[in-house]
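Colleague: Shown below is the structure under consideration.
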Protein chains: 2
Amino acid sequence: MARKPADQSVNKMDILLAAADVLRRNGYEATTMKDIAAQVNLTAASLYHHFKSKDFLLLSVLETGLQVAIDQMERILHTPQPCADRLRAMITGHIVDVTANPAVGAAMVFEIRSLMNARPGIAGSIHSDAAFIERRDAFFRQRDAFENLFRRIIKEGIAAGEFREVDAAVFTRAMLGAHNWVGVWYRPGGRLTGQEVAAIMADTFITSLTGGLAEGQPAPLHRAQPGR
Amino acid sequence: MARKPADQSVNKMDILLAAADVLRRNGYEATTMKDIAAQVNLTAASLYHHFKSKDFLLLSVLETGLQVAIDQMERILHTPQPCADRLRAMITGHIVDVTANPAVGAAMVFEIRSLMNARPGIAGSIHSDAAFIERRDAFFRQRDAFENLFRRIIKEGIAAGEFREVDAAVFTRAMLGAHNWVGVWYRPGGRLTGQEVAAIMADTFITSLTGGLAEGQPAPLHRAQPGR
DNA sequence: ATTATAATTAAATTCTGATTAGATTATTCC
DNA sequence: GGAATAATCTAATCAGAATTTAATTATAAT
C-alpha cells in the first residue's frame, strides 16, 4: 500500500505512552491535543489521523494499561500455590507495574472520572457515537473484572482457612486504593525501588490476612506490651 | 453596614459545599463556574464577589476539608490510650468524615494535581498573585502535616512494642491511599454505613500491625492450614 | 427616608482548544 | 517512473469558559 512506520512517523503506541505521561502531569481536561502532539513532535491535527477524538485517545490509554495488568494477574492466578503466595505475587506484580509506568498507573486513578463523564450529547464530548459508549462500557466491565480477580482469591483463601474472615469487598478496595495511590506518590530514584515498595505493600496486606503467623515471608512481630 | 445573609444570598460555605459536590462529579478542569453557580442558584459572575478566581475557590474547598480532618486527628492524638486504640480512632474518624462528605473526600484525591498545576503565568491561571502561591504552599504543608500525624503514631507504636516493625512511610501511604479511595467508591445507602466501612478498614490495618494478637477488637483468625 | 454597601446580574471581552478541510510529502507496490 | 495511500502539515472554524464592567436590587444603620 503506502507509507510504513519510518523515521518521522510515530505509531499508536508511541502516542499512547506520550499521552499517558502528559495526562499524569496535567489530567485529562487540562491536557490539550497540542500538548500530546508536542511530546511526539507532531501537530495536534495529526493526532486525528490516529485517533478519532480526544475521548478515544484517553480510552485507549486506559484500555492498554488495564489489559497489561489483567494479563499478568490471570497468569499468576492459575498457579497451584497457596492463596497467600498467589496474592502476594498479584500485589507485587500490580505495584511493580504501577511504579514501572506511573503515568499509566496514575491515569487509571485520575482519568476514570473523565471517562465516565464523556457522555455523548452533553456539553463537551460530541459522541452520539454508539461505538464510544460501547467501548467505554466494555472498559468498565474489564475494570470490575480486575477487581474481582483480587476479591476471588481472598474469598478462596478464607474458604481454605488460610486467611481470617474479612469483608472481601472492602478489603479488596482497601488494597486497590493503596496500590493506585502508589502511582501518585512514587518517584523513581527515591529511597525505595518499585520492587521494594511492592514487597512492603504485599507484606502489609498479607500480614493483615494471616496474622503474620502463616507461611510466606517472615513478618517479625514484637509481642504487644499491653497498656503502652 | 449593609445587606446580611438573607433569603437570596448564599454564604461562602454554601458555595464551598456546592463546589465540592460539582467537583467530585466533574473534576476541576471540567467544572465551569456556571456549573457551580447553578448549584446555588447564582450566575457565574456572582461567584467572583465571593472568590477572587476559580483557583482560589478550589483552594478554599480543599483547605476547608483538610482542616476539618486535621482538627479531628489532633484531638484524638492527644489522648492517653494505647497507640493501637488511638490509631483505630484516627482511621475511623477519617473514614467516617470521608463517607459523610464524599464530595470533599474525593476532591482531596482528585483535585490536588489541579492545584499543583495552577501555576501563575502559565497558560490557564493568571495569578502572578503571590498570595495564591503562598496559600497553596501552606495547604501542601498542612497536607504533609496530616500525613505525619499518622506516621508519627505508627512510629510511636513500634517504639512502644505495640506494633511490629514496618516501614512507617510506606505503611502510612498505603493507609491513606485506601482511605482516599473510599471517597471514590463509597455510595451512601449501600450495603455498609460509613461507620461499618471505617471499622473494617481500621481492623484491616491494625491487624496488620499487631498480628491480631494484641488488644483491641477481636480479630478472629483461622489458623492457616499450610499447603492449601 | 437616606445612605452606604453587599449581593447579584446581564452583557461584553478575550482566549483557549477541539475539530475539520484542504493541501503536501513520503513510502511502497507495480 | 507512476499510482495509491499513509502520515503529516497549515490554516480555518467554532464553541465554550474565565473574567471584567457597568448596572441593579436589597438590606442595615443612621
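Here, A, B, ... name the chains of the C-alpha cells in the order displayed, residue numbers run from 1 inside each chain, and ligands are numbered from 1 in the same displayed order.
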As an MDAnalysis selection string, could you give me every residue of chain D near chain B (at most 7 Å apart, counting only C-alpha atoms (C1' of nucleotides))?
Modeller: chainID D and resid 17 26:29
Colleague: Using only C-alpha atoms (C1' of nucleotides) and a distance of at most 10 Å, pull out the residues of chain C that contact chain A, as a ChimeraX atom specification.
Modeller: /C:16-20,26-29
Colleague: Generate a file of the selected residues that holds N, CA and C atoms (P, O5', C5', C4', C3', O3' and C1' of nucleotides), formatted as a PDB file, in the first residue's frame.
Modeller:
ATOM      1  P    DT C  16      -4.616  32.396  25.470  1.00  0.00           P
ATOM      2  O5'  DT C  16      -5.214  30.945  25.668  1.00  0.00           O
ATOM      3  C5'  DT C  16      -6.234  30.741  26.648  1.00  0.00           C
ATOM      4  C4'  DT C  16      -6.897  29.400  26.404  1.00  0.00           C
ATOM      5  C3'  DT C  16      -6.020  28.405  25.666  1.00  0.00           C
ATOM      6  O3'  DT C  16      -6.107  27.195  26.377  1.00  0.00           O
ATOM      7  C1'  DT C  16      -8.091  28.661  24.538  1.00  0.00           C
ATOM      8  P    DG C  17      -5.389  25.874  25.913  1.00  0.00           P
ATOM      9  O5'  DG C  17      -6.507  25.105  25.104  1.00  0.00           O
ATOM     10  C5'  DG C  17      -7.761  24.808  25.712  1.00  0.00           C
ATOM     11  C4'  DG C  17      -8.571  24.007  24.736  1.00  0.00           C
ATOM     12  C3'  DG C  17      -7.723  23.001  23.961  1.00  0.00           C
ATOM     13  O3'  DG C  17      -8.478  21.825  23.772  1.00  0.00           O
ATOM     14  C1'  DG C  17      -8.755  24.476  22.445  1.00  0.00           C
ATOM     15  P    DA C  18      -7.759  20.432  23.434  1.00  0.00           P
ATOM     16  O5'  DA C  18      -8.913  19.670  22.632  1.00  0.00           O
ATOM     17  C5'  DA C  18     -10.223  19.668  23.146  1.00  0.00           C
ATOM     18  C4'  DA C  18     -11.222  19.652  22.011  1.00  0.00           C
ATOM     19  C3'  DA C  18     -10.992  18.548  20.983  1.00  0.00           C
ATOM     20  O3'  DA C  18     -12.228  17.913  20.726  1.00  0.00           O
ATOM     21  C1'  DA C  18     -11.043  20.666  19.907  1.00  0.00           C
ATOM     22  P    DT C  19     -12.287  16.527  20.003  1.00  0.00           P
ATOM     23  O5'  DT C  19     -12.486  17.023  18.512  1.00  0.00           O
ATOM     24  C5'  DT C  19     -13.605  17.868  18.250  1.00  0.00           C
ATOM     25  C4'  DT C  19     -13.497  18.458  16.870  1.00  0.00           C
ATOM     26  C3'  DT C  19     -13.121  17.461  15.772  1.00  0.00           C
ATOM     27  O3'  DT C  19     -14.251  17.321  14.915  1.00  0.00           O
ATOM     28  C1'  DT C  19     -12.027  19.548  15.491  1.00  0.00           C
ATOM     29  P    DT C  20     -14.134  16.441  13.601  1.00  0.00           P
ATOM     30  O5'  DT C  20     -13.835  17.552  12.507  1.00  0.00           O
ATOM     31  C5'  DT C  20     -14.714  18.655  12.413  1.00  0.00           C
ATOM     32  C4'  DT C  20     -14.378  19.473  11.185  1.00  0.00           C
ATOM     33  C3'  DT C  20     -14.223  18.681   9.892  1.00  0.00           C
ATOM     34  O3'  DT C  20     -14.907  19.421   8.886  1.00  0.00           O
ATOM     35  C1'  DT C  20     -12.274  19.952  10.284  1.00  0.00           C
ATOM     36  P    DA C  26       9.271  14.680   1.789  1.00  0.00           P
ATOM     37  O5'  DA C  26       8.946  13.157   2.139  1.00  0.00           O
ATOM     38  C5'  DA C  26       8.474  12.848   3.434  1.00  0.00           C
ATOM     39  C4'  DA C  26       7.925  11.442   3.426  1.00  0.00           C
ATOM     40  C3'  DA C  26       8.868  10.399   2.835  1.00  0.00           C
ATOM     41  O3'  DA C  26       8.881   9.317   3.731  1.00  0.00           O
ATOM     42  C1'  DA C  26       6.750  10.246   1.804  1.00  0.00           C
ATOM     43  P    DT C  27      10.093   8.286   3.715  1.00  0.00           P
ATOM     44  O5'  DT C  27       9.362   6.975   3.208  1.00  0.00           O
ATOM     45  C5'  DT C  27       8.270   6.474   3.966  1.00  0.00           C
ATOM     46  C4'  DT C  27       7.459   5.525   3.121  1.00  0.00           C
ATOM     47  C3'  DT C  27       8.283   4.429   2.427  1.00  0.00           C
ATOM     48  O3'  DT C  27       7.856   3.194   2.951  1.00  0.00           O
ATOM     49  C1'  DT C  27       6.616   5.342   1.004  1.00  0.00           C
ATOM     50  P    DT C  28       8.853   1.909   2.802  1.00  0.00           P
ATOM     51  O5'  DT C  28       7.939   0.953   1.902  1.00  0.00           O
ATOM     52  C5'  DT C  28       6.604   0.678   2.329  1.00  0.00           C
ATOM     53  C4'  DT C  28       5.734   0.380   1.121  1.00  0.00           C
ATOM     54  C3'  DT C  28       6.259  -0.779   0.262  1.00  0.00           C
ATOM     55  O3'  DT C  28       5.249  -1.769   0.219  1.00  0.00           O
ATOM     56  C1'  DT C  28       5.563   1.061  -1.067  1.00  0.00           C
ATOM     57  P    DC C  29       5.615  -3.249  -0.253  1.00  0.00           P
ATOM     58  O5'  DC C  29       4.758  -3.330  -1.603  1.00  0.00           O
ATOM     59  C5'  DC C  29       3.439  -2.767  -1.612  1.00  0.00           C
ATOM     60  C4'  DC C  29       2.913  -2.687  -3.033  1.00  0.00           C
ATOM     61  C3'  DC C  29       3.404  -3.814  -3.945  1.00  0.00           C
ATOM     62  O3'  DC C  29       2.314  -4.269  -4.739  1.00  0.00           O
ATOM     63  C1'  DC C  29       3.922  -1.721  -4.903  1.00  0.00           C
TER      64       DC C  29
END
Colleague: Can you pull out the residues contacting A:Arg187? Cut-off 10 Å, using only C-alpha atoms (C1' of nucleotides), and skip same-chain residues under 5 positions away; I want them as a count of residues only.
Modeller: 7
Colleague: Write out as a ChimeraX atom specification each polymer residue whose atoms come within 6 Å of stretch 57-68 of chain A, counting only C-alpha atoms (C1' of nucleotides); drop sequence neighbours fewer than 6 positions from it.
Modeller: /A:16,51,104
Colleague: I'd like to know which residues of stretch 17-224 of chain A are helix (DSSP H, G or I) (by DSSP, run on the backbone); could you write them as a ChimeraX atom specification?
Modeller: /A:17-26,33-39,44-50,54-77,83-100,102-110,112-117,130-159,168-185,194-210
Colleague: Could you give me, as an MDAnalysis selection string, the residues within 9 Å of C:DT9, counting only C-alpha atoms (C1' of nucleotides) and dropping anything in the same chain fewer than 4 positions from it?
Modeller: (chainID B and resid 42:43 45:46) or (chainID D and resid 23:24)
Colleague: For a quick check of understanding, using only C-alpha atoms, which of A:Ala30, A:Ala106, A:Ile15, A:Ala69 has the smallest distance to chain B?
Modeller: A:Ala30
Colleague: What does the structure give for the distance between atom CA of A:Ala84 and atom CA of B:Ala174, in Å to one decimal?
Modeller: 18.9 Å
Colleague: Pick out the closest residue to chain B from this set: A:Asp85, A:Asp167, A:Glu162, A:Asp97. Count only C-alpha atoms.
Modeller: A:Glu162
Colleague: Counting only C-alpha atoms, which of B:Val109, B:Ala131, B:Ile153, B:Ile91 gets nearest to chain A?
Modeller: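 Between B:Val109, B:Ala131, B:Ile153, B:Ile91, the residue approaching chain A most closely is B:Val109.
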Colleague: What is the distance between atom CA of B:Ala138 and atom CA of B:Met201, in Å to one decimal?
Modeller: 29.6 Å
Colleague: With distances taken over only C-alpha atoms, which of A:Asp129, A:Asp14, A:Glu111, A:Glu74 is nearest to A:Arg152?
Modeller: A:Glu74
Colleague: Contacts of D:DA3 at 10 Å or less, counting only C-alpha atoms (C1' of nucleotides), minus same-chain residues fewer than 2 places along, as a PDB file with N, CA, C and O atoms (P, O5', C5', C4', C3', O3' and C1' of nucleotides), in the first residue's frame?
Modeller:
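The resulting file, result_10.pdb, is reproduced below:
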ATOM      1  P    DC C  29       5.615  -3.249  -0.253  1.00  0.00           P
ATOM      2  O5'  DC C  29       4.758  -3.330  -1.603  1.00  0.00           O
ATOM      3  C5'  DC C  29       3.439  -2.767  -1.612  1.00  0.00           C
ATOM      4  C4'  DC C  29       2.913  -2.687  -3.033  1.00  0.00           C
ATOM      5  C3'  DC C  29       3.404  -3.814  -3.945  1.00  0.00           C
ATOM      6  O3'  DC C  29       2.314  -4.269  -4.739  1.00  0.00           O
ATOM      7  C1'  DC C  29       3.922  -1.721  -4.903  1.00  0.00           C
ATOM      8  P    DC C  30       2.492  -5.606  -5.511  1.00  0.00           P
ATOM      9  O5'  DC C  30       2.656  -5.121  -7.026  1.00  0.00           O
ATOM     10  C5'  DC C  30       1.522  -4.519  -7.668  1.00  0.00           C
ATOM     11  C4'  DC C  30       1.977  -3.699  -8.856  1.00  0.00           C
ATOM     12  C3'  DC C  30       2.651  -4.514  -9.955  1.00  0.00           C
ATOM     13  O3'  DC C  30       1.713  -4.771 -11.007  1.00  0.00           O
ATOM     14  C1'  DC C  30       3.699  -2.386  -9.604  1.00  0.00           C
TER      15       DC C  30
ATOM     16  P    DG D   1      12.631   7.239 -12.380  1.00  0.00           P
ATOM     17  O5'  DG D   1      11.308   8.049 -12.796  1.00  0.00           O
ATOM     18  C5'  DG D   1      11.052   8.270 -14.144  1.00  0.00           C
ATOM     19  C4'  DG D   1       9.691   7.692 -14.478  1.00  0.00           C
ATOM     20  C3'  DG D   1       8.540   8.489 -13.866  1.00  0.00           C
ATOM     21  O3'  DG D   1       7.438   8.416 -14.739  1.00  0.00           O
ATOM     22  C1'  DG D   1       8.502   6.299 -13.009  1.00  0.00           C
ATOM     23  P    DT D   5      -5.968   3.273  -2.739  1.00  0.00           P
ATOM     24  O5'  DT D   5      -5.192   3.598  -1.397  1.00  0.00           O
ATOM     25  C5'  DT D   5      -4.160   2.710  -0.962  1.00  0.00           C
ATOM     26  C4'  DT D   5      -3.278   3.433   0.037  1.00  0.00           C
ATOM     27  C3'  DT D   5      -4.056   4.251   1.083  1.00  0.00           C
ATOM     28  O3'  DT D   5      -3.393   4.076   2.316  1.00  0.00           O
ATOM     29  C1'  DT D   5      -2.393   5.545   0.165  1.00  0.00           C
TER      30       DT D   5
END
Colleague: Return the single residue from A:Ala178, A:Ala198, A:Leu209, A:Leu17 that is closest to chain B, with distances computed using only C-alpha atoms.
Modeller: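 The answer is A:Ala178, which sits nearest to chain B.
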Colleague: Go ahead and compute the interatomic distance for atom CA of B:Ile95 and atom CA of B:His179, in Å to one decimal.
Modeller: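 Going from atom CA of B:Ile95 over to atom CA of B:His179, I get 6.1 Å.
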